[in-house]
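Participant: See final_38.cif below, with mmCIF, C-alpha atoms and all ligand atoms.
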data_protein
#
loop_
_atom_site.label_atom_id
_atom_site.label_comp_id
_atom_site.auth_asym_id
_atom_site.auth_seq_id
_atom_site.Cartn_x
_atom_site.Cartn_y
_atom_site.Cartn_z
CA MET A 1 0.00 0.00 0.00
CA GLY A 2 1.45 3.37 -0.97
CA ARG A 3 1.14 6.81 0.52
CA PHE A 4 -2.01 8.86 0.30
CA PRO A 5 -1.95 12.60 -0.01
CA VAL A 6 -4.11 14.37 2.56
CA PRO A 7 -6.31 16.93 0.87
CA PRO A 8 -6.38 20.26 2.67
CA TYR A 9 -10.04 19.90 3.67
CA TYR A 10 -9.13 17.16 6.12
CA THR A 11 -8.91 19.34 9.18
CA ALA A 12 -7.30 16.69 11.30
CA ASP A 13 -3.88 15.73 12.54
CA VAL A 14 -4.41 12.13 11.50
CA VAL A 15 -6.91 10.75 9.02
CA VAL A 16 -7.98 7.12 9.06
CA LYS A 17 -9.70 5.66 6.04
CA ARG A 18 -10.65 2.34 4.54
CA VAL A 19 -8.70 1.21 1.48
CA GLY A 20 -9.72 -2.21 0.25
CA GLU A 21 -9.52 -4.67 3.11
CA GLU A 22 -7.25 -2.38 5.08
CA ALA A 23 -7.54 0.69 7.20
CA VAL A 24 -4.76 3.25 6.80
CA ALA A 25 -3.76 6.21 8.97
CA ILE A 26 -2.14 9.27 7.43
CA ASN A 27 -0.67 12.19 9.33
CA SER A 28 -0.88 15.86 8.43
CA LYS A 29 2.37 15.68 6.48
CA GLY A 30 0.80 13.07 4.23
CA GLU A 31 2.85 10.29 5.77
CA GLN A 32 1.22 6.94 6.27
CA ILE A 33 1.74 5.98 9.89
CA ALA A 34 -0.20 2.71 9.97
CA GLU A 35 -1.94 0.27 7.68
CA SER A 36 -3.47 -3.10 8.47
CA THR A 37 -6.44 -5.35 7.97
CA ASP A 38 -6.64 -5.11 11.77
CA HIS A 39 -8.59 -1.88 11.79
CA ALA A 40 -8.43 -1.42 15.58
CA ASN A 41 -4.64 -1.36 15.43
CA VAL A 42 -4.71 1.39 12.83
CA ILE A 43 -7.17 3.57 14.75
CA GLN A 44 -5.23 3.01 17.99
CA ALA A 45 -2.00 3.99 16.22
CA ALA A 46 -3.71 7.17 15.02
CA ILE A 47 -4.78 8.00 18.60
CA ASP A 48 -1.35 7.20 20.00
CA ASN A 49 0.36 9.43 17.43
CA LEU A 50 -1.75 12.41 18.36
CA PRO A 51 -0.44 15.28 20.44
CA ASN A 52 -2.69 16.79 23.12
CA GLY A 53 -5.17 19.04 21.37
CA GLY A 54 -5.01 16.93 18.23
CA LYS A 55 -7.74 15.32 16.20
CA VAL A 56 -8.25 11.99 14.47
CA LEU A 57 -10.74 11.99 11.64
CA ILE A 58 -12.04 8.53 10.81
CA LYS A 59 -13.46 8.69 7.33
CA SER A 60 -16.82 7.17 6.50
CA GLY A 61 -16.80 3.39 6.33
CA LYS A 62 -17.08 0.22 8.38
CA TYR A 63 -14.17 -0.64 10.65
CA VAL A 64 -14.10 -4.06 12.25
CA LEU A 65 -12.42 -4.05 15.65
CA LYS A 66 -10.73 -7.21 16.89
CA SER A 67 -9.58 -5.45 20.05
CA GLY A 68 -10.66 -2.49 22.16
CA LEU A 69 -9.67 1.13 21.58
CA SER A 70 -8.42 3.35 24.39
CA ILE A 71 -7.67 6.98 25.03
CA THR A 72 -5.57 7.45 28.17
CA ASP A 73 -4.47 10.82 29.57
CA LYS A 74 -4.94 12.55 26.23
CA ASN A 75 -6.97 15.66 25.40
CA ILE A 76 -8.00 14.90 21.86
CA VAL A 77 -10.88 14.85 19.40
CA LEU A 78 -12.00 11.57 17.87
CA GLU A 79 -14.31 12.34 15.00
CA GLY A 80 -16.10 10.35 12.33
CA GLU A 81 -18.19 11.46 9.43
CA ARG A 82 -21.85 12.00 9.89
CA PHE A 83 -23.93 8.87 9.67
CA GLY A 84 -26.99 8.69 7.51
CA LYS A 85 -29.61 6.06 8.07
CA TYR A 86 -29.80 4.11 11.30
CA PRO A 87 -28.33 1.63 11.97
CA PHE A 88 -26.52 0.14 8.98
CA GLU A 89 -26.00 3.11 6.76
CA GLU A 90 -23.34 3.24 4.12
CA TYR A 91 -22.37 6.84 4.61
CA GLY A 92 -21.06 7.08 8.15
CA THR A 93 -18.15 6.01 10.31
CA ILE A 94 -19.06 2.74 12.00
CA LEU A 95 -16.79 0.88 14.40
CA ILE A 96 -18.06 -2.69 14.76
CA LYS A 97 -17.00 -4.80 17.71
CA ALA A 98 -15.73 -8.28 16.85
CA PHE A 99 -14.20 -9.22 20.21
CA ASP A 100 -15.28 -9.72 23.83
CA GLY A 101 -14.53 -6.60 25.89
CA ASP A 102 -15.22 -2.89 26.00
CA LEU A 103 -15.24 -1.13 22.64
CA LEU A 104 -13.81 2.31 23.52
CA THR A 105 -12.30 3.11 26.93
CA ILE A 106 -11.33 6.65 27.91
CA ASN A 107 -9.63 7.42 31.21
CA TYR A 108 -7.38 9.91 32.95
CA THR A 109 -4.97 9.76 35.84
CA ASP A 110 -5.87 13.34 36.79
CA SER A 111 -9.44 14.38 36.06
CA ASP A 112 -8.52 18.08 36.29
CA ASN A 113 -6.39 17.62 33.21
CA ALA A 114 -8.97 15.53 31.38
CA GLY A 115 -10.99 16.53 28.34
CA PHE A 116 -11.86 15.11 24.97
CA ALA A 117 -14.52 15.23 22.28
CA LEU A 118 -16.20 12.43 20.39
CA ARG A 119 -18.20 13.35 17.31
CA SER A 120 -20.19 11.69 14.56
CA LEU A 121 -19.33 8.08 15.28
CA VAL A 122 -21.31 4.85 15.44
CA LEU A 123 -20.00 2.35 17.99
CA HIS A 124 -21.65 -0.97 17.23
CA GLY A 125 -21.50 -3.51 20.05
CA ASN A 126 -22.70 -6.66 18.31
CA LYS A 127 -24.38 -7.91 21.49
CA GLY A 128 -25.59 -11.23 20.09
CA SER A 129 -22.02 -12.29 19.37
CA HIS A 130 -19.74 -10.45 21.80
CA THR A 131 -19.74 -9.48 25.45
CA GLY A 132 -18.53 -6.17 26.85
CA ARG A 133 -19.62 -2.57 27.01
CA GLY A 134 -19.66 0.16 24.38
CA LEU A 135 -18.22 3.47 25.57
CA VAL A 136 -16.54 3.43 28.99
CA ILE A 137 -15.26 6.64 30.59
CA SER A 138 -13.43 7.00 33.92
CA ASN A 139 -12.11 9.96 35.87
CA ALA A 140 -12.82 12.45 33.08
CA LYS A 141 -14.13 16.02 33.00
CA TYR A 142 -14.77 18.74 30.45
CA PHE A 143 -15.75 16.43 27.64
CA THR A 144 -18.31 16.54 24.87
CA ILE A 145 -20.05 13.72 23.06
CA GLU A 146 -21.95 14.87 20.02
CA ASP A 147 -23.77 13.02 17.26
CA VAL A 148 -22.52 9.68 18.57
CA THR A 149 -24.48 6.43 18.42
CA VAL A 150 -23.68 3.45 20.64
CA ILE A 151 -25.84 0.44 19.86
CA ARG A 152 -26.35 -3.25 20.61
CA CYS A 153 -24.01 -3.83 23.51
CA ASP A 154 -24.12 -6.81 25.81
CA GLY A 155 -23.04 -4.59 28.74
CA GLU A 156 -23.95 -0.94 29.07
CA CYS A 157 -23.81 1.12 25.88
CA LEU A 158 -22.50 4.05 27.96
CA TYR A 159 -20.77 3.62 31.33
CA ILE A 160 -19.24 6.61 33.13
CA GLU A 161 -17.68 6.58 36.60
CA ASP A 162 -15.89 9.02 38.88
CA SER A 163 -16.22 11.79 36.33
CA GLY A 164 -17.41 15.39 36.21
CA VAL A 165 -18.60 18.19 33.96
CA HIS A 166 -19.66 17.06 30.51
CA ARG A 167 -22.33 17.39 27.85
CA ILE A 168 -23.86 14.78 25.59
CA VAL A 169 -25.76 16.24 22.65
CA ASN A 170 -27.81 14.73 19.83
CA SER A 171 -26.65 11.21 20.54
CA ARG A 172 -28.20 7.74 20.72
CA PHE A 173 -27.70 4.82 23.08
CA VAL A 174 -29.83 1.87 22.12
CA GLU A 175 -30.08 -1.82 23.03
CA SER A 176 -28.27 -3.45 25.89
CA ASN A 177 -28.67 -6.60 27.94
CA ASN A 178 -27.93 -4.36 30.96
CA HIS A 179 -28.80 -0.75 31.77
CA VAL A 180 -28.35 1.16 28.53
CA ILE A 181 -26.66 4.07 30.35
CA HIS A 182 -25.02 3.67 33.76
CA TYR A 183 -23.37 6.48 35.75
CA VAL A 184 -21.52 6.09 39.04
CA ASN A 185 -20.23 9.04 41.10
CA THR A 186 -20.36 11.43 38.16
CA GLY A 187 -21.77 14.95 38.55
CA ASP A 188 -22.47 18.16 36.65
CA TRP A 189 -23.48 16.60 33.40
CA GLY A 190 -26.12 17.51 30.84
CA TRP A 191 -27.88 15.51 28.18
CA MET A 192 -29.56 17.51 25.44
CA GLY A 193 -31.42 15.70 22.72
CA ILE A 194 -30.35 12.19 23.53
CA ASP A 195 -32.30 9.13 22.47
CA ALA A 196 -31.92 6.05 24.67
CA GLY A 197 -33.86 2.80 24.86
CA SER A 198 -34.19 -0.97 24.90
CA ALA A 199 -32.70 -2.00 28.26
CA GLY A 200 -32.19 -5.58 29.37
CA THR A 201 -34.67 -7.53 31.51
CA ASP A 202 -35.34 -5.73 34.82
CA LYS A 203 -32.90 -2.96 33.82
CA TYR A 204 -33.27 0.79 33.40
CA VAL A 205 -32.60 2.82 30.32
CA ALA A 206 -30.54 5.15 32.54
CA TYR A 207 -29.33 4.06 35.98
CA LEU A 208 -27.65 6.97 37.75
CA GLU A 209 -25.91 6.36 41.07
CA ASN A 210 -24.86 9.44 43.00
CA SER A 211 -24.66 11.31 39.72
CA PRO A 212 -26.52 14.63 39.72
CA GLY A 213 -27.26 16.22 36.35
CA LEU A 214 -29.70 17.66 33.83
CA VAL A 215 -31.79 15.97 31.15
CA ILE A 216 -33.52 18.13 28.56
CA ASN A 217 -35.43 17.42 25.35
CA SER A 218 -34.52 13.76 25.38
CA LYS A 219 -36.26 10.48 24.75
CA PHE A 220 -36.28 7.24 26.78
CA TYR A 221 -38.09 4.03 25.93
CA VAL A 222 -38.47 0.31 26.68
CA GLY A 223 -37.12 -1.14 29.92
CA TYR A 224 -38.07 -1.98 33.48
CA GLY A 225 -37.81 1.75 34.12
CA GLY A 226 -36.79 4.90 32.27
CA ILE A 227 -34.49 6.83 34.61
CA PHE A 228 -33.48 5.84 38.15
CA SER A 229 -31.47 8.53 39.91
CA THR A 230 -30.12 8.66 43.45
CA GLY A 231 -28.53 12.06 42.81
CA THR A 232 -30.35 15.35 42.37
CA ILE A 233 -31.67 15.38 38.84
CA ASN A 234 -33.55 17.86 36.70
CA ILE A 235 -35.59 16.24 33.96
CA VAL A 236 -37.18 18.75 31.62
CA ASN A 237 -39.38 18.44 28.53
CA SER A 238 -38.48 14.84 27.85
CA TRP A 239 -40.43 11.83 26.67
CA PHE A 240 -40.73 8.45 28.39
CA ASN A 241 -42.50 5.54 26.76
CA ASP A 242 -43.12 1.85 27.36
CA PHE A 243 -41.83 0.72 30.75
CA GLU A 244 -42.53 -2.39 32.73
CA TRP A 245 -42.63 -0.78 36.19
CA VAL A 246 -41.98 2.95 36.27
CA GLY A 247 -41.10 5.93 34.10
CA ILE A 248 -38.87 7.88 36.50
CA VAL A 249 -37.61 7.00 39.99
CA VAL A 250 -36.51 10.13 41.84
CA ALA A 251 -34.34 9.12 44.79
CA GLY A 252 -32.27 12.31 44.93
CA ALA A 253 -33.47 15.16 47.15
CA ASN A 254 -34.35 18.51 45.53
CA SER A 255 -34.87 16.99 42.10
CA ILE A 256 -37.17 18.74 39.62
CA ILE A 257 -39.27 16.81 37.13
CA ILE A 258 -41.01 19.29 34.86
CA GLY A 259 -42.98 19.24 31.63
CA ASN A 260 -42.33 15.64 30.65
CA ILE A 261 -44.58 13.19 28.83
CA ILE A 262 -44.61 9.78 30.50
CA GLN A 263 -46.72 7.11 28.88
CA ASN A 264 -47.46 3.40 28.62
CA ILE A 265 -46.55 1.84 31.95
CA ILE A 266 -47.15 -1.79 31.09
CA ASN A 267 -46.92 -3.54 34.50
CA SER A 268 -47.48 -7.03 33.14
CA ALA A 269 -46.22 -8.41 36.48
CA GLY A 270 -49.04 -6.58 38.26
CA ALA A 271 -46.79 -4.66 40.66
CA GLY A 272 -48.98 -2.86 43.18
CA ASP A 273 -46.92 0.32 42.98
CA ALA A 274 -46.26 0.65 39.25
CA ALA A 275 -46.27 4.36 38.47
CA GLY A 276 -45.33 7.11 36.07
CA ILE A 277 -43.15 8.93 38.59
CA ARG A 278 -41.96 7.41 41.88
CA ILE A 279 -40.75 9.93 44.46
CA GLN A 280 -38.54 8.58 47.22
CA ALA A 281 -36.58 11.63 48.37
CA ASN A 282 -37.18 14.95 50.12
CA TYR A 283 -38.15 18.19 48.41
CA VAL A 284 -38.91 16.76 44.98
CA LYS A 285 -40.93 18.91 42.58
CA ALA A 286 -43.14 17.28 39.93
CA ILE A 287 -44.68 20.06 37.88
CA GLY A 288 -46.68 20.08 34.67
CA ASN A 289 -46.02 16.51 33.61
CA ASP A 290 -48.40 14.59 31.37
CA ILE A 291 -48.71 11.01 32.64
CA ARG A 292 -50.80 8.52 30.66
CA GLY A 293 -50.72 4.95 31.90
CA GLY A 294 -51.93 3.60 28.57
CA THR A 295 -55.53 2.49 28.28
CA SER A 296 -54.73 -1.19 27.82
CA TYR A 297 -51.92 -1.22 30.37
CA ASN A 298 -51.84 -1.62 34.09
CA MET A 299 -50.27 1.45 35.72
CA ARG A 300 -51.50 1.70 39.32
CA TYR A 301 -50.62 5.31 40.09
CA GLY A 302 -49.55 8.36 38.14
CA ILE A 303 -47.28 9.69 40.87
CA TYR A 304 -46.31 7.53 43.84
CA GLU A 305 -44.68 8.77 47.02
CA TYR A 306 -42.65 6.12 48.76
CA GLY A 307 -40.47 5.70 51.83
CA GLY A 308 -39.62 7.95 54.72
CA ASN A 309 -39.21 11.15 52.73
CA ASP A 310 -41.30 14.26 52.53
CA TYR A 311 -42.04 17.76 51.24
CA SER A 312 -42.94 17.02 47.63
CA ILE A 313 -44.48 19.73 45.52
CA ILE A 314 -46.83 18.16 42.98
CA ILE A 315 -48.58 20.77 40.89
CA GLY A 316 -50.34 21.00 37.56
CA ASN A 317 -49.82 17.48 36.30
CA THR A 318 -52.28 15.74 33.99
CA ILE A 319 -52.75 12.10 34.95
CA ARG A 320 -54.81 9.58 33.01
CA ASP A 321 -55.32 5.81 32.69
CA TYR A 322 -54.35 4.89 36.24
CA LYS A 323 -55.89 1.80 37.85
CA ILE A 324 -56.03 2.91 41.49
CA LYS A 325 -55.35 6.59 42.02
CA ALA A 326 -53.72 9.40 40.13
CA ILE A 327 -51.48 10.32 43.06
CA TYR A 328 -50.50 8.19 46.03
CA LYS A 329 -49.74 10.61 48.84
CA ALA A 330 -47.54 9.10 51.55
CA PHE A 331 -45.74 12.20 52.81
CA ALA A 332 -47.23 14.36 55.57
CA ASN A 333 -46.04 17.70 54.22
CA SER A 334 -46.52 17.40 50.47
CA ILE A 335 -48.21 20.21 48.59
CA ILE A 336 -50.49 18.65 45.99
CA ILE A 337 -52.73 21.06 44.10
CA SER A 338 -54.27 21.70 40.70
CA ASN A 339 -53.62 18.32 39.12
CA GLN A 340 -55.94 16.90 36.46
CA GLY A 341 -57.10 13.44 37.56
CA TYR A 342 -56.61 14.25 41.25
CA LYS A 343 -59.02 16.96 42.32
CA THR A 344 -57.99 18.88 45.40
CA GLU A 345 -60.12 21.93 44.61
CA ASN A 346 -63.60 22.16 43.15
CA HIS A 347 -66.46 24.67 42.85
CA GLY A 348 -69.98 24.89 41.48
CA THR A 349 -73.41 26.48 41.57
CA ALA A 350 -76.53 24.93 43.12
CA THR A 351 -80.07 26.32 42.80
CA VAL A 352 -83.31 26.26 44.74
CA THR A 353 -86.70 27.39 43.43
CA GLY A 354 -89.06 29.41 45.61
CA ASP A 355 -92.80 28.80 46.13
CA GLY A 356 -93.65 32.15 47.70
CA SER A 357 -93.76 30.93 51.30
CA THR A 358 -90.87 28.50 52.03
CA THR A 359 -87.72 30.10 53.48
CA SER A 360 -85.58 27.04 54.30
CA PHE A 361 -84.09 24.69 51.69
CA THR A 362 -81.54 21.85 51.68
CA VAL A 363 -79.30 21.07 48.69
CA ASP A 364 -76.71 18.30 48.31
CA VAL A 365 -73.72 18.76 46.02
CA GLU A 366 -71.01 16.23 45.28
CA HIS A 367 -67.73 17.90 46.07
CA GLY A 368 -65.82 15.54 43.74
CA LEU A 369 -62.58 15.75 45.71
CA VAL A 370 -60.03 13.02 46.41
CA SER A 371 -60.43 13.39 50.17
CA ASP A 372 -63.38 14.09 52.49
CA LYS A 373 -61.23 16.21 54.76
CA ILE A 374 -62.18 19.47 53.12
CA ALA A 375 -63.07 23.08 53.83
CA ALA A 376 -65.95 24.70 51.94
CA LYS A 377 -67.09 28.24 51.25
CA VAL A 378 -70.67 29.17 50.34
CA ALA A 379 -72.23 32.43 49.13
CA LEU A 380 -75.99 33.09 48.70
CA ASP A 381 -77.34 35.47 46.06
CA ARG A 382 -79.93 36.92 48.42
CA ALA A 383 -80.01 37.66 52.15
CA GLY A 384 -80.05 34.63 54.42
CA SER A 385 -77.96 32.25 56.44
CA TYR A 386 -76.68 28.73 55.82
CA LYS A 387 -74.84 25.83 57.32
CA ALA A 388 -72.75 23.40 55.31
CA TYR A 389 -71.50 19.98 56.37
CA LEU A 390 -70.34 16.66 54.92
CA VAL A 391 -72.55 13.59 54.55
CA ASP A 392 -71.90 10.00 53.47
CA THR A 393 -75.16 9.45 51.62
CA ASP A 394 -74.27 6.01 50.28
CA ASN A 395 -72.71 4.76 53.55
CA ASP A 396 -69.42 3.68 52.01
CA GLY A 397 -67.31 5.47 54.60
CA PHE A 398 -66.43 8.41 52.34
CA LYS A 399 -68.32 11.68 52.75
CA GLU A 400 -68.79 12.57 49.13
CA THR A 401 -71.61 15.06 49.67
CA LEU A 402 -71.51 18.68 50.78
CA ARG A 403 -74.95 19.39 52.28
CA ILE A 404 -75.98 23.05 52.36
CA GLU A 405 -78.99 24.09 54.49
CA VAL A 406 -80.18 27.59 53.63
CA THR A 407 -82.63 29.88 55.42
CA TYR A 408 -83.47 33.08 53.54
CA ASP A 409 -84.55 36.22 55.42
CA THR A 410 -87.64 36.39 53.21
CA ALA A 411 -89.31 33.65 51.17
CA PRO A 412 -88.27 33.62 47.50
CA ALA A 413 -91.19 34.31 45.17
CA ASP A 414 -93.07 31.45 43.58
CA GLY A 415 -90.91 30.19 40.70
CA GLU A 416 -87.92 32.36 41.65
CA THR A 417 -84.52 30.69 41.15
CA CYS A 418 -81.99 31.35 43.87
CA TYR A 419 -78.33 30.60 43.34
CA ILE A 420 -75.93 29.08 45.86
CA TYR A 421 -72.25 29.35 44.97
CA TRP A 422 -69.79 26.94 46.60
CA SER A 423 -66.17 26.01 46.53
CA ALA A 424 -64.28 23.31 48.42
CA GLU A 425 -60.67 22.40 48.98
CA VAL A 426 -58.88 19.42 50.46
CA VAL A 427 -57.18 20.23 53.74
CA GLY A 428 -56.03 16.76 54.76
CA CA A 501 -69.90 7.90 50.37
#
Represent the supplied structure as structure tokens.
Ligand SMILES: [Ca+2]

Facilitator:
Amino acid sequence: MGRFPVPPYYTADVVVKRVGEEAVAINSKGEQIAESTDHANVIQAAIDNLPNGGKVLIKSGKYVLKSGLSITDKNIVLEGERFGKYPFEEYGTILIKAFDGDLLTINYTDSDNAGFALRSLVLHGNKGSHTGRGLVISNAKYFTIEDVTVIRCDGECLYIEDSGVHRIVNSRFVESNNHVIHYVNTGDWGWMGIDAGSAGTDKYVAYLENSPGLVINSKFYVGYGGIFSTGTINIVNSWFNDFEWVGIVVAGANSIIIGNIIQNIINSAGAGDAAGIRIQANYVKAIGNDIRGGTSYNMRYGIYEYGGNDYSIIIGNTIRDYKIKAIYKAFANSIIISNQGYKTENHGTATVTGDGSTTSFTVDVEHGLVSDKIAAKVALDRAGSYKAYLVDTDNDGFKETLRIEVTYDTAPADGETCYIYWSAEVVG
């Protein structure tokens, strides 16, 4: 194999490309630094030849890896060419795993001097044939993963431990026999526009241990659960679909779950606590989420409070298709108001019709609230007095009726309609 000139539009320190059965690596002087039918060796040689701050561009094509790739203590960019169709497109850079072990490992001795970027790559794990994880990162900070796909891994597609500040943007992590994404002791991260799904049996799409971060405009689907987080997490405007037990488990205090769509909680095992959102930490806020259990599925609760925690704020959620109750309140000091599917406030208008002589009337209204520990207000549209109290008219132990006894100062005229305005609110 001869030398290949590097055209000036290759803005990289080393370019790797497929030529026949081989992969070749060419440096910025146009010198070929590696060539082999063992494509992993060529890509690894390209990485190893790079100075800090350098970039490897792996040209579009399929590269079959017979061993794992690693980046150790190097601040570099590893970049492919944008992939087209998912998953077996002809126009992108695809690294296909043909060995047992982790596909790409990145780690640093000193996380304060860490930092790298991965862009426009497909890491293909081949989970039916080979064990191991996809992308494994340790002790790193200040990194960016953009337009990267990691698919079909036997272990986690993305595993990050003991790491810090980073962003993952417009990337996909799909199909694992384990959790699809797994973080351990990794904080200050953000995912924006990621797509992750198809976890292994009883596994989560994202399992986050002591790893606080932010999720925005992302998509999670198919698994035992969507996200499980023991660290403080903010999940904003994201979409969760098709889970066996739960959409989101919030086990980190002060987390905020806002504006998400959570749907299709299957619960084929019939778990008594299957829910859209499960809150098991203090000071969690669940605001403006749309939770739909799925009409043919078996979600028990929309939002479920669990354990010895407290002080949730649950406001303005829309909850549908639950089997037992929209919200299971277990905490003494939660604030739960203005949720669709879980009425804590209600109001209405009742009427009585005069006959010219009667001054006292009794009307029953159904308050429609989730509790019968309520306070009510009443206003009459003409002078008079009233008393209002709760009654269990059907003797089922729940006082569903607000009874209002009215005595007007003067008898309404025969045929006169008098209006009684009421409102009621749960207080316990
Ligand atoms: Ca009743």

Participant: So how many Å separate atom CA of A:Ser60 and atom CA of A:Thr72, to one decimal?

Facilitator: 24.4 Å

Participant: Quick check, in Å to one decimal: how far apart do atom CA of A:Tyr224 and atom CA of A:Glu244 lie?

Facilitator: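 Result for atom CA of A:Tyr224 versus atom CA of A:Glu244: 4.5 Å, one decimal.
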
Participant: Applying 9 Å and all atoms listed in the file, which residues near A:Thr144 remain after dropping the ones on its own chain fewer than 4 positions away? List them as a ChimeraX atom specification.

Facilitator: /A:115-119,166-169

Participant: Write the residues you've just listed into a file as a PDB file, in the frame of the given file, and include C-alpha atoms for each of them.

Facilitator:
ATOM      1  CA  GLY A 115     -10.990  16.530  28.340  1.00  0.00           C
ATOM      2  CA  PHE A 116     -11.860  15.110  24.970  1.00  0.00           C
ATOM      3  CA  ALA A 117     -14.520  15.230  22.280  1.00  0.00           C
ATOM      4  CA  LEU A 118     -16.200  12.430  20.390  1.00  0.00           C
ATOM      5  CA  ARG A 119     -18.200  13.350  17.310  1.00  0.00           C
ATOM      6  CA  HIS A 166     -19.660  17.060  30.510  1.00  0.00           C
ATOM      7  CA  ARG A 167     -22.330  17.390  27.850  1.00  0.00           C
ATOM      8  CA  ILE A 168     -23.860  14.780  25.590  1.00  0.00           C
ATOM      9  CA  VAL A 169     -25.760  16.240  22.650  1.00  0.00           C
TER      10      VAL A 169
END

Participant: Using all atoms listed in the file, give me every residue within 10 Å of (-16.8, -2.7, 16.0) in file coordinates, as a list in words.

Facilitator: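 It turns out the residues near that spot are His39, Ala40, Lys62, Tyr63, Val64, Leu65, Lys66, Ser67, Gly68, Leu69, Ile94, Leu95, Ile96, Lys97, Ala98, Phe99, Leu103, Leu104, Val122, Leu123, His124, Gly125, Asn126 and Gly134 of chain A.
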
Participant: So that I can see what lies close to A:Ile106, please list as a list in words the residues with an atom at most 9 Å from it, counting only C-alpha atoms and leaving out residues fewer than 6 positions away in the same chain.

Facilitator: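 Those residues are Leu69, Ser70, Ile71, Thr72, Asp73, Lys74, Phe116, Leu135, Val136, Ile137, Ser138, Asn139 and Ala140 of chain A.
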
Participant: Which of these residues is nearest to A:Val184, using all atoms listed in the file: A:Ser211, A:Thr93, A:Thr37, A:Asn264?

Facilitator: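 Going through A:Ser211, A:Thr93, A:Thr37, A:Asn264 one by one, the smallest distance to A:Val184 is for A:Ser211.
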
Participant: As a VMD selection string, please: the residues near stretch 358-361 of chain A (cut-off 12 Å, all atoms listed in the file, same-chain neighbours under 3 positions excluded).

Facilitator: chain A and resid 350 to 355 364 382 to 388 403 to 416 418 to 420

Participant: Quick one: residues within 8 Å of stretch 50-55 of chain A, only C-alpha atoms, excluding same-chain residues fewer than 3 positions away - as a CSV table (one decimal) with C-alpha atoms, keeping the file's coordinate frame?

Facilitator:
chain,number,residue,atom,x,y,z
A,12,ALA,CA,-7.3,16.7,11.3
A,13,ASP,CA,-3.9,15.7,12.5
A,14,VAL,CA,-4.4,12.1,11.5
A,46,ALA,CA,-3.7,7.2,15.0
A,47,ILE,CA,-4.8,8.0,18.6
A,74,LYS,CA,-4.9,12.6,26.2
A,75,ASN,CA,-7.0,15.7,25.4
A,76,ILE,CA,-8.0,14.9,21.9
A,77,VAL,CA,-10.9,14.8,19.4
A,78,LEU,CA,-12.0,11.6,17.9
A,79,GLU,CA,-14.3,12.3,15.0

Participant: Neighbours of ligand CA 501 (chain A) within 9 Å, counting all atoms listed in the file, as a PDB file with C-alpha atoms, keeping the file's coordinate frame?

Facilitator:
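Below you can see out_21.pdb, which holds the result:
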ATOM      1  CA  VAL A 391     -72.550  13.590  54.550  1.00  0.00           C
ATOM      2  CA  ASP A 392     -71.900  10.000  53.470  1.00  0.00           C
ATOM      3  CA  THR A 393     -75.160   9.450  51.620  1.00  0.00           C
ATOM      4  CA  ASP A 394     -74.270   6.010  50.280  1.00  0.00           C
ATOM      5  CA  ASN A 395     -72.710   4.760  53.550  1.00  0.00           C
ATOM      6  CA  ASP A 396     -69.420   3.680  52.010  1.00  0.00           C
ATOM      7  CA  GLY A 397     -67.310   5.470  54.600  1.00  0.00           C
ATOM      8  CA  PHE A 398     -66.430   8.410  52.340  1.00  0.00           C
ATOM      9  CA  LYS A 399     -68.320  11.680  52.750  1.00  0.00           C
ATOM     10  CA  GLU A 400     -68.790  12.570  49.130  1.00  0.00           C
ATOM     11  CA  THR A 401     -71.610  15.060  49.670  1.00  0.00           C
TER      12      THR A 401
END

Participant: Add whatever atoms are absent from stretch 382-390 of chain A to reach N, CA and C atoms, and provide the output as a CSV table (one decimal), in the frame of the given file.

Facilitator:
chain,number,residue,atom,x,y,z
A,382,ARG,N,-79.0,36.0,47.8
A,382,ARG,CA,-79.9,36.9,48.4
A,382,ARG,C,-79.7,36.8,49.9
A,383,ALA,N,-80.3,37.6,50.7
A,383,ALA,CA,-80.0,37.7,52.2
A,383,ALA,C,-80.5,36.4,52.8
A,384,GLY,N,-79.7,35.9,53.7
A,384,GLY,CA,-80.0,34.6,54.4
A,384,GLY,C,-78.9,34.1,55.2
A,385,SER,N,-79.1,32.9,55.7
A,385,SER,CA,-78.0,32.2,56.4
A,385,SER,C,-77.9,30.8,56.0
A,386,TYR,N,-76.8,30.1,56.2
A,386,TYR,CA,-76.7,28.7,55.8
A,386,TYR,C,-75.8,28.0,56.8
A,387,LYS,N,-75.9,26.7,56.8
A,387,LYS,CA,-74.8,25.8,57.3
A,387,LYS,C,-74.5,24.8,56.3
A,388,ALA,N,-73.2,24.4,56.3
A,388,ALA,CA,-72.8,23.4,55.3
A,388,ALA,C,-72.0,22.3,56.0
A,389,TYR,N,-72.2,21.1,55.7
A,389,TYR,CA,-71.5,20.0,56.4
A,389,TYR,C,-71.4,18.8,55.4
A,390,LEU,N,-70.6,17.8,55.8
A,390,LEU,CA,-70.3,16.7,54.9
A,390,LEU,C,-71.2,15.5,55.3
